[in-house]
Amino acid sequence: MFRHRKYCTLRVSRNTFGVGIVTEEGKILSDERFIYVPPLGRGIHPREATEYHLNNAQKVLKRVLKESELKMSKIDLISFSRGPGLPNCLQVGSSIARYLSLKHKIPLLGVSHCVSHIEIGRLLTKCKDPVIVYCSGGNSQIIAYIDGKYRVMGETTDIPIGNAFDVLARELGLEMPGGPKIEELAKTGKWVDLPYVVKGMDLSFTGIVTECIKKLNEGIRKEDVCYSFQETVFSMLTEVTERALAHTNKSDVLLVGGVAASRRLSEMMKIMCREREVKSYTVPKEYSADNGVMIAWNGILAFTSGQRMKLEDTTIIKNWRIDDVDITWL
Ligand code: MG
C-alpha cells in the first residue's frame, strides 16, 4: 500500500488554503499555502474566504505536485482537516479531498486541526511527551496527553489569544495578523497596569482587550499598551503552563499554533522551564501557522496506527474538541 510512501494533504482554515506532501518518515516534500487577507480594518468574511479558497485550490494543488515532482497516482493517502473551523471553509477542503480520493482511488482520512498543530510540533522538535501550549487565532489551550487522548488542562473562557491580538491590532489600525506588529511596538513600551485574569486553570482575554482600548482612548502611548498587553497575557499563559507541569509531572513544554511565532512568549516559557529544570520547545516559525504539511503528517500517524474512514464518515465537525479525538499512535 505504501508503494511510494508519499502523502498528500489538504488544509483549509478560515484564511489559509494549504497543501503539503510528506513521506512516511516525516520528510516534507512540498508545502504551498494561499492566505486570504481581508481588507484593512475588517475581519474575515466566511463567504469571501471560501470564494478565495475555491479560486485558488487548483493552483495550489498543481504547485505542490510540481514542487515534489510527483503525480497524483503516486500519492498513497489524502488527509484533510475535519475541524474545528468555519464550516464553509472546512467544506471546501473536505469536498476537494473527497473528489481527489474518488478520482484517483486513494484512501481518505479526516483529521483534527488542533491535533495536527501538536503533531507537526512534535515531529519537528523531536519532543516526546510535553505539556502543550496551543495558541492561535482560533484556540488557546494548555494540553497534555493522558490515557489515549489529548486532555485540555486549561483554556480561554472567551476569545482565543490570537483573536485578542487581532482585535487590539485593528484598534491600532495595523494589518492582520496583528501579533508581529504588536510585538514590534512593545519593544519600546513601558508598563501600565492591566487586569490579570486567571481563573483556576482557565484564562480570559476580553476584559484585557477592552481595558487596552480604554487606555488608548485616554491617550496612553500605543507602545506602552502593546508592551503591557503582551506581558500580561503571556504571563497568564506561562502561569497556567507551570501549574500543568506540576500537575502532570511531565518534563517538556511544547509551544504550537500561530502565536508560537512570538519571540517574547517563547522566551517567557523558556525562563519558566529553566527554573523548573524542564525543557522547552517551540515549533519552528514556518510551521506555527496553519499549513497542509501538519494535516498530512497527522494523517500518516492515524493511518499507520490503523485508522480508516469510509467516504460517508468523512464529514466535517465544526466544533471538534481536541479531547474527543482518538489518539491511536501514542
Ligand atoms: Mg490553526
# chains A, B, ... in the order shown; residues from 1 in each chain; ligands from 1

$ residues_near_ligand --ligand "ligand 1" --cutoff "10 Å" --atoms "only C-alpha atoms and all ligand atoms" --output "PyMOL selection string"
chain A and resi 11-16+83-85+113-117+134-139+256-259+288-291+294

$ write_last_selection --atoms "N, CA, C and O atoms" --output "mmCIF file, in the first residue's frame"
data_model
loop_
_atom_site.group_PDB
_atom_site.id
_atom_site.type_symbol
_atom_site.label_atom_id
_atom_site.label_comp_id
_atom_site.auth_asym_id
_atom_site.auth_seq_id
_atom_site.Cartn_x
_atom_site.Cartn_y
_atom_site.Cartn_z
ATOM 1 N N ARG A 11 -5.424 21.401 3.560
ATOM 2 C CA ARG A 11 -5.664 22.128 4.784
ATOM 3 C C ARG A 11 -6.411 23.402 4.426
ATOM 4 O O ARG A 11 -5.866 24.235 3.710
ATOM 5 N N VAL A 12 -7.613 23.537 4.869
ATOM 6 C CA VAL A 12 -8.329 24.776 4.607
ATOM 7 C C VAL A 12 -8.823 25.337 5.929
ATOM 8 O O VAL A 12 -9.593 24.701 6.635
ATOM 9 N N SER A 13 -8.350 26.493 6.297
ATOM 10 C CA SER A 13 -8.871 27.123 7.508
ATOM 11 C C SER A 13 -9.486 28.446 7.095
ATOM 12 O O SER A 13 -9.610 28.722 5.910
ATOM 13 N N ARG A 14 -9.845 29.277 8.070
ATOM 14 C CA ARG A 14 -10.578 30.491 7.695
ATOM 15 C C ARG A 14 -9.766 31.398 6.789
ATOM 16 O O ARG A 14 -10.311 32.113 5.977
ATOM 17 N N ASN A 15 -8.435 31.376 6.899
ATOM 18 C CA ASN A 15 -7.692 32.241 5.991
ATOM 19 C C ASN A 15 -6.636 31.530 5.162
ATOM 20 O O ASN A 15 -6.006 32.137 4.323
ATOM 21 N N THR A 16 -6.405 30.243 5.397
ATOM 22 C CA THR A 16 -5.333 29.557 4.674
ATOM 23 C C THR A 16 -5.842 28.367 3.893
ATOM 24 O O THR A 16 -6.567 27.533 4.434
ATOM 25 N N GLY A 83 -12.028 19.557 11.168
ATOM 26 C CA GLY A 83 -12.429 20.629 12.066
ATOM 27 C C GLY A 83 -11.472 20.710 13.235
ATOM 28 O O GLY A 83 -10.532 19.922 13.295
ATOM 29 N N PRO A 84 -11.627 21.653 14.137
ATOM 30 C CA PRO A 84 -12.682 22.666 14.130
ATOM 31 C C PRO A 84 -12.358 23.790 13.150
ATOM 32 O O PRO A 84 -11.211 23.938 12.735
ATOM 33 N N GLY A 85 -13.384 24.581 12.819
ATOM 34 C CA GLY A 85 -13.164 25.710 11.916
ATOM 35 C C GLY A 85 -14.461 26.232 11.357
ATOM 36 O O GLY A 85 -15.536 25.780 11.735
ATOM 37 N N HIS A 113 -7.666 19.451 13.219
ATOM 38 C CA HIS A 113 -6.800 20.615 13.016
ATOM 39 C C HIS A 113 -5.895 20.824 14.243
ATOM 40 O O HIS A 113 -4.686 21.053 14.110
ATOM 41 N N CYS A 114 -6.473 20.725 15.434
ATOM 42 C CA CYS A 114 -5.731 21.005 16.670
ATOM 43 C C CYS A 114 -4.645 19.958 16.908
ATOM 44 O O CYS A 114 -3.498 20.289 17.224
ATOM 45 N N VAL A 115 -5.010 18.677 16.747
ATOM 46 C CA VAL A 115 -4.032 17.609 16.944
ATOM 47 C C VAL A 115 -2.898 17.769 15.931
ATOM 48 O O VAL A 115 -1.726 17.556 16.254
ATOM 49 N N SER A 116 -3.233 18.206 14.718
ATOM 50 C CA SER A 116 -2.208 18.380 13.679
ATOM 51 C C SER A 116 -1.177 19.433 14.083
ATOM 52 O O SER A 116 0.016 19.268 13.824
ATOM 53 N N HIS A 117 -1.620 20.507 14.722
ATOM 54 C CA HIS A 117 -0.676 21.526 15.214
ATOM 55 C C HIS A 117 0.307 20.900 16.205
ATOM 56 O O HIS A 117 1.500 21.192 16.191
ATOM 57 N N TYR A 134 -1.023 25.529 23.186
ATOM 58 C CA TYR A 134 -1.551 25.680 21.824
ATOM 59 C C TYR A 134 -2.267 27.026 21.725
ATOM 60 O O TYR A 134 -3.346 27.204 22.271
ATOM 61 N N CYS A 135 -1.618 27.960 21.072
ATOM 62 C CA CYS A 135 -2.144 29.327 20.992
ATOM 63 C C CYS A 135 -2.216 29.796 19.558
ATOM 64 O O CYS A 135 -1.202 29.850 18.870
ATOM 65 N N SER A 136 -3.423 30.141 19.127
ATOM 66 C CA SER A 136 -3.584 30.613 17.753
ATOM 67 C C SER A 136 -4.754 31.584 17.682
ATOM 68 O O SER A 136 -5.284 31.995 18.712
ATOM 69 N N GLY A 137 -5.172 31.907 16.457
ATOM 70 C CA GLY A 137 -6.312 32.793 16.281
ATOM 71 C C GLY A 137 -7.619 32.123 16.664
ATOM 72 O O GLY A 137 -8.619 32.782 16.912
ATOM 73 N N GLY A 138 -7.618 30.798 16.700
ATOM 74 C CA GLY A 138 -8.852 30.070 16.998
ATOM 75 C C GLY A 138 -8.834 29.322 18.311
ATOM 76 O O GLY A 138 -9.866 28.815 18.753
ATOM 77 N N ASN A 139 -7.657 29.214 18.939
ATOM 78 C CA ASN A 139 -7.533 28.387 20.144
ATOM 79 C C ASN A 139 -6.534 28.945 21.141
ATOM 80 O O ASN A 139 -5.538 29.541 20.760
ATOM 81 N N VAL A 256 2.926 25.498 20.360
ATOM 82 C CA VAL A 256 2.478 25.358 18.967
ATOM 83 C C VAL A 256 1.356 26.346 18.639
ATOM 84 O O VAL A 256 0.804 26.973 19.541
ATOM 85 N N GLY A 257 1.020 26.438 17.343
ATOM 86 C CA GLY A 257 -0.032 27.360 16.891
ATOM 87 C C GLY A 257 0.589 28.685 16.469
ATOM 88 O O GLY A 257 1.752 28.961 16.779
ATOM 89 N N GLY A 258 -0.193 29.501 15.784
ATOM 90 C CA GLY A 258 0.312 30.743 15.204
ATOM 91 C C GLY A 258 1.027 31.662 16.182
ATOM 92 O O GLY A 258 2.031 32.283 15.845
ATOM 93 N N VAL A 259 0.528 31.737 17.422
ATOM 94 C CA VAL A 259 1.109 32.660 18.408
ATOM 95 C C VAL A 259 2.475 32.154 18.917
ATOM 96 O O VAL A 259 3.250 32.896 19.510
ATOM 97 N N SER A 288 4.361 27.185 12.470
ATOM 98 C CA SER A 288 3.496 27.562 13.590
ATOM 99 C C SER A 288 2.104 27.915 13.070
ATOM 100 O O SER A 288 1.100 27.561 13.662
ATOM 101 N N ALA A 289 2.036 28.568 11.927
ATOM 102 C CA ALA A 289 0.732 28.927 11.349
ATOM 103 C C ALA A 289 0.137 27.713 10.632
ATOM 104 O O ALA A 289 0.810 26.708 10.437
ATOM 105 N N ASP A 290 -1.132 27.837 10.242
ATOM 106 C CA ASP A 290 -1.814 26.746 9.549
ATOM 107 C C ASP A 290 -1.090 26.363 8.259
ATOM 108 O O ASP A 290 -0.633 27.230 7.525
ATOM 109 N N ASN A 291 -1.018 25.063 8.008
ATOM 110 C CA ASN A 291 -0.343 24.588 6.793
ATOM 111 C C ASN A 291 -0.838 23.194 6.442
ATOM 112 O O ASN A 291 -1.438 22.505 7.277
ATOM 113 N N MET A 294 1.095 19.800 8.219
ATOM 114 C CA MET A 294 0.696 19.274 9.538
ATOM 115 C C MET A 294 -0.474 18.300 9.417
ATOM 116 O O MET A 294 -0.558 17.311 10.133
#

$ closest_atom_pairs --of "stretch 32-84 of chain A" --to "stretch 304-320 of chain A" --cutoff "12 Å" --atoms "only C-alpha atoms" --output "JSON lines"
{"residue": "A:Asp76", "atom": "CA", "partner": "A:Thr304", "partner_atom": "CA", "distance": 11.6}
{"residue": "A:Leu77", "atom": "CA", "partner": "A:Thr304", "partner_atom": "CA", "distance": 10.5}
{"residue": "A:Ile78", "atom": "CA", "partner": "A:Met309", "partner_atom": "CA", "distance": 11.2}
{"residue": "A:Ser79", "atom": "CA", "partner": "A:Thr314", "partner_atom": "CA", "distance": 10.0}
{"residue": "A:Phe80", "atom": "CA", "partner": "A:Thr314", "partner_atom": "CA", "distance": 9.2}
{"residue": "A:Ser81", "atom": "CA", "partner": "A:Ile316", "partner_atom": "CA", "distance": 7.8}
{"residue": "A:Arg82", "atom": "CA", "partner": "A:Ile316", "partner_atom": "CA", "distance": 4.4}
{"residue": "A:Gly83", "atom": "CA", "partner": "A:Lys318", "partner_atom": "CA", "distance": 5.0}
{"residue": "A:Pro84", "atom": "CA", "partner": "A:Lys318", "partner_atom": "CA", "distance": 4.5}

$ write_last_selection --atoms "N, CA and C atoms" --output "short mmCIF file (atom, residue, chain, number, x, y, z; two decimals), in the first residue's frame"
data_model
loop_
_atom_site.label_atom_id
_atom_site.label_comp_id
_atom_site.auth_asym_id
_atom_site.auth_seq_id
_atom_site.Cartn_x
_atom_site.Cartn_y
_atom_site.Cartn_z
N ASP A 76 -0.32 8.06 -1.75
CA ASP A 76 -0.92 6.89 -1.10
C ASP A 76 -2.03 7.21 -0.11
N LEU A 77 -2.13 8.46 0.32
CA LEU A 77 -3.16 8.82 1.29
C LEU A 77 -3.50 10.30 1.13
N ILE A 78 -4.77 10.59 1.22
CA ILE A 78 -5.18 12.01 1.23
C ILE A 78 -5.78 12.30 2.60
N SER A 79 -5.24 13.28 3.28
CA SER A 79 -5.85 13.68 4.55
C SER A 79 -6.34 15.12 4.44
N PHE A 80 -7.32 15.43 5.25
CA PHE A 80 -7.86 16.79 5.25
C PHE A 80 -8.32 17.11 6.66
N SER A 81 -8.53 18.39 6.92
CA SER A 81 -8.98 18.82 8.24
C SER A 81 -10.50 18.71 8.34
N ARG A 82 -10.96 17.92 9.33
CA ARG A 82 -12.42 17.80 9.56
C ARG A 82 -12.92 18.95 10.42
N GLY A 83 -12.03 19.56 11.17
CA GLY A 83 -12.43 20.63 12.07
C GLY A 83 -11.47 20.71 13.24
N PRO A 84 -11.63 21.65 14.14
CA PRO A 84 -12.68 22.67 14.13
C PRO A 84 -12.36 23.79 13.15
#

$ residues_around --residues "A:Phe205" --least-positions-apart "2" --cutoff "10 Å" --atoms "only C-alpha atoms" --output "short mmCIF file (atom, residue, chain, number, x, y, z; two decimals) with N, CA, C and O atoms, in the first residue's frame"
data_model
loop_
_atom_site.label_atom_id
_atom_site.label_comp_id
_atom_site.auth_asym_id
_atom_site.auth_seq_id
_atom_site.Cartn_x
_atom_site.Cartn_y
_atom_site.Cartn_z
N THR A 156 -8.99 29.21 27.30
CA THR A 156 -9.66 30.50 27.38
C THR A 156 -11.16 30.28 27.58
O THR A 156 -11.74 29.35 27.03
N THR A 157 -11.75 31.15 28.37
CA THR A 157 -13.19 31.04 28.58
C THR A 157 -13.94 31.98 27.63
O THR A 157 -15.15 31.98 27.59
N ASP A 158 -13.20 32.83 26.93
CA ASP A 158 -13.86 33.69 25.93
C ASP A 158 -13.13 33.64 24.60
O ASP A 158 -13.19 32.63 23.92
N ILE A 159 -12.42 34.71 24.22
CA ILE A 159 -11.79 34.70 22.89
C ILE A 159 -10.40 34.06 22.95
O ILE A 159 -9.73 34.10 23.98
N PRO A 160 -9.93 33.48 21.83
CA PRO A 160 -8.57 32.95 21.77
C PRO A 160 -7.55 34.08 21.80
O PRO A 160 -7.87 35.21 21.40
N ILE A 161 -6.35 33.78 22.24
CA ILE A 161 -5.33 34.82 22.39
C ILE A 161 -4.99 35.50 21.07
O ILE A 161 -4.83 36.72 21.01
N ASN A 163 -6.89 35.99 18.60
CA ASN A 163 -8.01 36.88 18.30
C ASN A 163 -7.89 38.18 19.11
O ASN A 163 -8.14 39.27 18.60
N ALA A 164 -7.48 38.04 20.38
CA ALA A 164 -7.28 39.22 21.23
C ALA A 164 -6.22 40.14 20.61
O ALA A 164 -6.40 41.36 20.55
N PHE A 165 -5.13 39.55 20.09
CA PHE A 165 -4.09 40.33 19.41
C PHE A 165 -4.67 41.05 18.19
O PHE A 165 -4.37 42.21 17.94
N PRO A 195 -5.73 44.42 33.82
CA PRO A 195 -6.25 43.29 34.59
C PRO A 195 -5.50 42.01 34.23
O PRO A 195 -5.04 41.85 33.09
N TYR A 196 -5.36 41.11 35.21
CA TYR A 196 -4.68 39.82 35.02
C TYR A 196 -5.72 38.76 35.37
O TYR A 196 -6.15 38.67 36.51
N VAL A 197 -6.19 38.02 34.34
CA VAL A 197 -7.37 37.19 34.57
C VAL A 197 -7.10 35.69 34.39
O VAL A 197 -7.22 35.13 33.30
N VAL A 198 -6.71 35.04 35.49
CA VAL A 198 -6.57 33.58 35.52
C VAL A 198 -7.58 33.07 36.53
O VAL A 198 -7.60 33.50 37.68
N LEU A 203 -8.35 30.93 31.40
CA LEU A 203 -7.90 32.29 31.12
C LEU A 203 -9.02 33.09 30.45
O LEU A 203 -9.88 32.50 29.81
N GLY A 207 -11.66 41.17 28.72
CA GLY A 207 -11.59 42.33 29.62
C GLY A 207 -10.28 43.08 29.44
O GLY A 207 -10.25 44.32 29.52
N ILE A 208 -9.21 42.34 29.17
CA ILE A 208 -7.90 42.97 29.00
C ILE A 208 -7.89 43.80 27.71
O ILE A 208 -7.39 44.93 27.69
N VAL A 209 -8.48 43.26 26.65
CA VAL A 209 -8.54 43.99 25.38
C VAL A 209 -9.35 45.28 25.56
O VAL A 209 -8.95 46.36 25.12
N THR A 210 -10.50 45.15 26.25
CA THR A 210 -11.35 46.33 26.49
C THR A 210 -10.57 47.40 27.24
O THR A 210 -10.62 48.59 26.91
N PHE A 229 0.12 44.74 27.37
CA PHE A 229 -0.82 43.70 26.92
C PHE A 229 -0.06 42.39 26.73
O PHE A 229 -0.44 41.33 27.26
N THR A 232 1.22 40.86 30.00
CA THR A 232 0.13 40.34 30.83
C THR A 232 -0.39 39.01 30.31
O THR A 232 -0.44 38.02 31.04
N VAL A 233 -0.77 38.97 29.03
CA VAL A 233 -1.39 37.74 28.52
C VAL A 233 -0.38 36.58 28.47
O VAL A 233 -0.74 35.44 28.75
N MET A 236 0.06 35.18 31.99
CA MET A 236 -1.09 34.34 32.35
C MET A 236 -0.90 32.93 31.79
O MET A 236 -1.08 31.93 32.49
#

$ residues_around --residues "A:Cys273" --least-positions-apart "5" --cutoff "8 Å" --atoms "only C-alpha atoms" --output "PyMOL selection string"
chain A and resi 242+253+278-280

$ write_last_selection --atoms "N, CA, C and O atoms" --output "PDB file, in the first residue's frame"
ATOM      1  N   GLU A 242       2.851  26.343  33.910  1.00  0.00           N
ATOM      2  CA  GLU A 242       3.676  25.877  35.025  1.00  0.00           C
ATOM      3  C   GLU A 242       2.854  24.970  35.938  1.00  0.00           C
ATOM      4  O   GLU A 242       3.329  23.931  36.407  1.00  0.00           O
ATOM      5  N   VAL A 253       7.874  21.195  27.681  1.00  0.00           N
ATOM      6  CA  VAL A 253       6.795  22.090  27.255  1.00  0.00           C
ATOM      7  C   VAL A 253       6.960  22.322  25.757  1.00  0.00           C
ATOM      8  O   VAL A 253       8.077  22.545  25.277  1.00  0.00           O
ATOM      9  N   VAL A 278      12.925  21.857  33.432  1.00  0.00           N
ATOM     10  CA  VAL A 278      12.306  21.081  32.362  1.00  0.00           C
ATOM     11  C   VAL A 278      12.701  21.742  31.028  1.00  0.00           C
ATOM     12  O   VAL A 278      13.230  22.850  31.015  1.00  0.00           O
ATOM     13  N   LYS A 279      12.456  21.011  29.929  1.00  0.00           N
ATOM     14  CA  LYS A 279      12.881  21.540  28.626  1.00  0.00           C
ATOM     15  C   LYS A 279      11.736  22.261  27.937  1.00  0.00           C
ATOM     16  O   LYS A 279      10.583  21.843  28.056  1.00  0.00           O
ATOM     17  N   SER A 280      12.062  23.313  27.205  1.00  0.00           N
ATOM     18  CA  SER A 280      11.001  23.988  26.454  1.00  0.00           C
ATOM     19  C   SER A 280      11.315  23.960  24.956  1.00  0.00           C
ATOM     20  O   SER A 280      12.463  24.125  24.544  1.00  0.00           O
TER      21      SER A 280
END

$ select_by_dssp --residues "stretch 18-65 of chain A" --states "strand (DSSP E)" --output "PDB file with all heavy atoms, in the first residue's frame"
ATOM      1  N   GLY A  18      -3.988  25.384   2.253  1.00  0.00           N
ATOM      2  CA  GLY A  18      -2.638  24.837   2.168  1.00  0.00           C
ATOM      3  C   GLY A  18      -2.647  23.388   1.746  1.00  0.00           C
ATOM      4  O   GLY A  18      -3.543  22.635   2.115  1.00  0.00           O
ATOM      5  N   VAL A  19      -1.670  23.015   0.954  1.00  0.00           N
ATOM      6  CA  VAL A  19      -1.493  21.614   0.583  1.00  0.00           C
ATOM      7  C   VAL A  19      -0.033  21.256   0.816  1.00  0.00           C
ATOM      8  O   VAL A  19       0.865  22.033   0.483  1.00  0.00           O
ATOM      9  CB  VAL A  19      -1.855  21.369  -0.904  1.00  0.00           C
ATOM     10  CG1 VAL A  19      -1.763  19.879  -1.236  1.00  0.00           C
ATOM     11  CG2 VAL A  19      -3.243  21.886  -1.222  1.00  0.00           C
ATOM     12  N   GLY A  20       0.196  20.084   1.395  1.00  0.00           N
ATOM     13  CA  GLY A  20       1.562  19.639   1.629  1.00  0.00           C
ATOM     14  C   GLY A  20       1.706  18.165   1.299  1.00  0.00           C
ATOM     15  O   GLY A  20       0.730  17.420   1.342  1.00  0.00           O
ATOM     16  N   ILE A  21       2.905  17.765   0.956  1.00  0.00           N
ATOM     17  CA  ILE A  21       3.176  16.343   0.728  1.00  0.00           C
ATOM     18  C   ILE A  21       4.325  15.933   1.643  1.00  0.00           C
ATOM     19  O   ILE A  21       5.368  16.585   1.693  1.00  0.00           O
ATOM     20  CB  ILE A  21       3.528  16.051  -0.748  1.00  0.00           C
ATOM     21  CG1 ILE A  21       2.348  16.471  -1.645  1.00  0.00           C
ATOM     22  CG2 ILE A  21       3.844  14.558  -0.947  1.00  0.00           C
ATOM     23  CD1 ILE A  21       2.556  16.228  -3.123  1.00  0.00           C
ATOM     24  N   VAL A  22       4.096  14.846   2.386  1.00  0.00           N
ATOM     25  CA  VAL A  22       5.051  14.379   3.394  1.00  0.00           C
ATOM     26  C   VAL A  22       5.265  12.876   3.201  1.00  0.00           C
ATOM     27  O   VAL A  22       4.331  12.174   2.813  1.00  0.00           O
ATOM     28  CB  VAL A  22       4.478  14.625   4.819  1.00  0.00           C
ATOM     29  CG1 VAL A  22       5.452  14.188   5.894  1.00  0.00           C
ATOM     30  CG2 VAL A  22       4.124  16.074   5.018  1.00  0.00           C
ATOM     31  N   THR A  23       6.460  12.389   3.498  1.00  0.00           N
ATOM     32  CA  THR A  23       6.690  10.944   3.422  1.00  0.00           C
ATOM     33  C   THR A  23       6.370  10.303   4.763  1.00  0.00           C
ATOM     34  O   THR A  23       6.249  10.987   5.781  1.00  0.00           O
ATOM     35  CB  THR A  23       8.154  10.611   3.082  1.00  0.00           C
ATOM     36  OG1 THR A  23       8.956  10.936   4.228  1.00  0.00           O
ATOM     37  CG2 THR A  23       8.644  11.368   1.875  1.00  0.00           C
ATOM     38  N   ILE A  28       9.387  16.390   4.582  1.00  0.00           N
ATOM     39  CA  ILE A  28       8.461  17.304   3.900  1.00  0.00           C
ATOM     40  C   ILE A  28       8.918  17.497   2.457  1.00  0.00           C
ATOM     41  O   ILE A  28      10.026  17.975   2.207  1.00  0.00           O
ATOM     42  CB  ILE A  28       8.407  18.659   4.645  1.00  0.00           C
ATOM     43  CG1 ILE A  28       7.884  18.438   6.074  1.00  0.00           C
ATOM     44  CG2 ILE A  28       7.540  19.663   3.891  1.00  0.00           C
ATOM     45  CD1 ILE A  28       8.093  19.609   7.012  1.00  0.00           C
ATOM     46  N   LEU A  29       8.080  17.075   1.500  1.00  0.00           N
ATOM     47  CA  LEU A  29       8.445  17.172   0.087  1.00  0.00           C
ATOM     48  C   LEU A  29       7.947  18.464  -0.540  1.00  0.00           C
ATOM     49  O   LEU A  29       8.583  19.008  -1.430  1.00  0.00           O
ATOM     50  CB  LEU A  29       7.888  15.976  -0.698  1.00  0.00           C
ATOM     51  CG  LEU A  29       8.354  14.599  -0.236  1.00  0.00           C
ATOM     52  CD1 LEU A  29       7.759  13.520  -1.122  1.00  0.00           C
ATOM     53  CD2 LEU A  29       9.878  14.488  -0.235  1.00  0.00           C
ATOM     54  N   SER A  30       6.797  18.920  -0.109  1.00  0.00           N
ATOM     55  CA  SER A  30       6.326  20.214  -0.618  1.00  0.00           C
ATOM     56  C   SER A  30       5.291  20.814   0.318  1.00  0.00           C
ATOM     57  O   SER A  30       4.648  20.103   1.096  1.00  0.00           O
ATOM     58  CB  SER A  30       5.759  20.086  -2.036  1.00  0.00           C
ATOM     59  OG  SER A  30       4.786  19.089  -2.070  1.00  0.00           O
ATOM     60  N   ASP A  31       5.158  22.120   0.214  1.00  0.00           N
ATOM     61  CA  ASP A  31       4.302  22.865   1.139  1.00  0.00           C
ATOM     62  C   ASP A  31       3.898  24.165   0.451  1.00  0.00           C
ATOM     63  O   ASP A  31       4.739  25.016   0.199  1.00  0.00           O
ATOM     64  CB  ASP A  31       5.123  23.147   2.414  1.00  0.00           C
ATOM     65  CG  ASP A  31       4.408  24.080   3.363  1.00  0.00           C
ATOM     66  OD1 ASP A  31       3.177  24.209   3.274  1.00  0.00           O
ATOM     67  OD2 ASP A  31       5.092  24.684   4.225  1.00  0.00           O
ATOM     68  N   GLU A  32       2.639  24.273   0.105  1.00  0.00           N
ATOM     69  CA  GLU A  32       2.149  25.504  -0.536  1.00  0.00           C
ATOM     70  C   GLU A  32       0.964  26.046   0.248  1.00  0.00           C
ATOM     71  O   GLU A  32       0.125  25.282   0.719  1.00  0.00           O
ATOM     72  CB  GLU A  32       1.712  25.220  -1.972  1.00  0.00           C
ATOM     73  CG  GLU A  32       2.861  25.026  -2.940  1.00  0.00           C
ATOM     74  CD  GLU A  32       3.640  26.301  -3.244  1.00  0.00           C
ATOM     75  OE1 GLU A  32       3.080  27.406  -3.094  1.00  0.00           O
ATOM     76  OE2 GLU A  32       4.819  26.180  -3.617  1.00  0.00           O
ATOM     77  N   ARG A  33       0.891  27.357   0.358  1.00  0.00           N
ATOM     78  CA  ARG A  33      -0.220  27.972   1.106  1.00  0.00           C
ATOM     79  C   ARG A  33      -0.694  29.225   0.387  1.00  0.00           C
ATOM     80  O   ARG A  33       0.128  30.016  -0.067  1.00  0.00           O
ATOM     81  CB  ARG A  33       0.233  28.384   2.504  1.00  0.00           C
ATOM     82  CG  ARG A  33       0.935  27.289   3.247  1.00  0.00           C
ATOM     83  CD  ARG A  33       1.590  27.832   4.509  1.00  0.00           C
ATOM     84  NE  ARG A  33       2.648  26.919   4.947  1.00  0.00           N
ATOM     85  CZ  ARG A  33       3.326  27.050   6.062  1.00  0.00           C
ATOM     86  NH1 ARG A  33       3.067  28.066   6.863  1.00  0.00           N
ATOM     87  NH2 ARG A  33       4.272  26.194   6.381  1.00  0.00           N
ATOM     88  N   PHE A  34      -1.976  29.381   0.303  1.00  0.00           N
ATOM     89  CA  PHE A  34      -2.551  30.637  -0.170  1.00  0.00           C
ATOM     90  C   PHE A  34      -3.278  31.235   1.018  1.00  0.00           C
ATOM     91  O   PHE A  34      -4.120  30.583   1.616  1.00  0.00           O
ATOM     92  CB  PHE A  34      -3.520  30.389  -1.330  1.00  0.00           C
ATOM     93  CG  PHE A  34      -2.854  30.448  -2.668  1.00  0.00           C
ATOM     94  CD1 PHE A  34      -1.728  29.683  -2.923  1.00  0.00           C
ATOM     95  CD2 PHE A  34      -3.339  31.275  -3.670  1.00  0.00           C
ATOM     96  CE1 PHE A  34      -1.093  29.732  -4.149  1.00  0.00           C
ATOM     97  CE2 PHE A  34      -2.712  31.330  -4.911  1.00  0.00           C
ATOM     98  CZ  PHE A  34      -1.593  30.559  -5.157  1.00  0.00           C
ATOM     99  N   ILE A  35      -2.937  32.444   1.351  1.00  0.00           N
ATOM    100  CA  ILE A  35      -3.525  33.058   2.538  1.00  0.00           C
ATOM    101  C   ILE A  35      -4.436  34.219   2.161  1.00  0.00           C
ATOM    102  O   ILE A  35      -4.019  35.146   1.458  1.00  0.00           O
ATOM    103  CB  ILE A  35      -2.425  33.512   3.525  1.00  0.00           C
ATOM    104  CG1 ILE A  35      -1.629  32.271   3.971  1.00  0.00           C
ATOM    105  CG2 ILE A  35      -3.025  34.219   4.740  1.00  0.00           C
ATOM    106  CD1 ILE A  35      -0.371  32.565   4.724  1.00  0.00           C
TER     107      ILE A  35
END

$ closest_residue --among "A:Met72, A:Ile106, A:Ala260, A:Ala246" --to "A:Phe234" --atoms "only C-alpha atoms"
A:Ala260

$ closest_residue --among "A:Ile142, A:Val64, A:Ile220, A:Ala302" --to "A:Ile327" --atoms "only C-alpha atoms"
A:Ala302

$ closest_residue --among "A:Ala261, A:Thr282, A:Leu102, A:Thr248" --to "A:Ala144" --atoms "only C-alpha atoms"
A:Thr248

$ residues_around --residues "A:Gln230" --least-positions-apart "2" --cutoff "10 Å" --atoms "only C-alpha atoms" --output "PyMOL selection string"
chain A and resi 165+179+182-183+186+224-228+232-235+262+264-265

$ residues_around --residues "A:Arg151" --least-positions-apart "2" --cutoff "12 Å" --atoms "only C-alpha atoms" --output "PyMOL selection string"
chain A and resi 114-115+130-133+141-149+153-155+244+248+321-327

$ closest_residue --among "A:Gly200, A:Cys127, A:Lys190, A:Lys222" --to "A:Leu255" --atoms "only C-alpha atoms"
A:Cys127

$ atom_distance --atom1 "atom CA of A:Ile96" --atom2 "atom CA of A:Tyr287"
22.8 Å

$ atom_distance --atom1 "atom CA of A:His45" --atom2 "atom CA of A:Gly93"
17.2 Å

$ atom_distance --atom1 "atom CA of A:Glu239" --atom2 "atom CA of A:Ile213"
24.6 Å
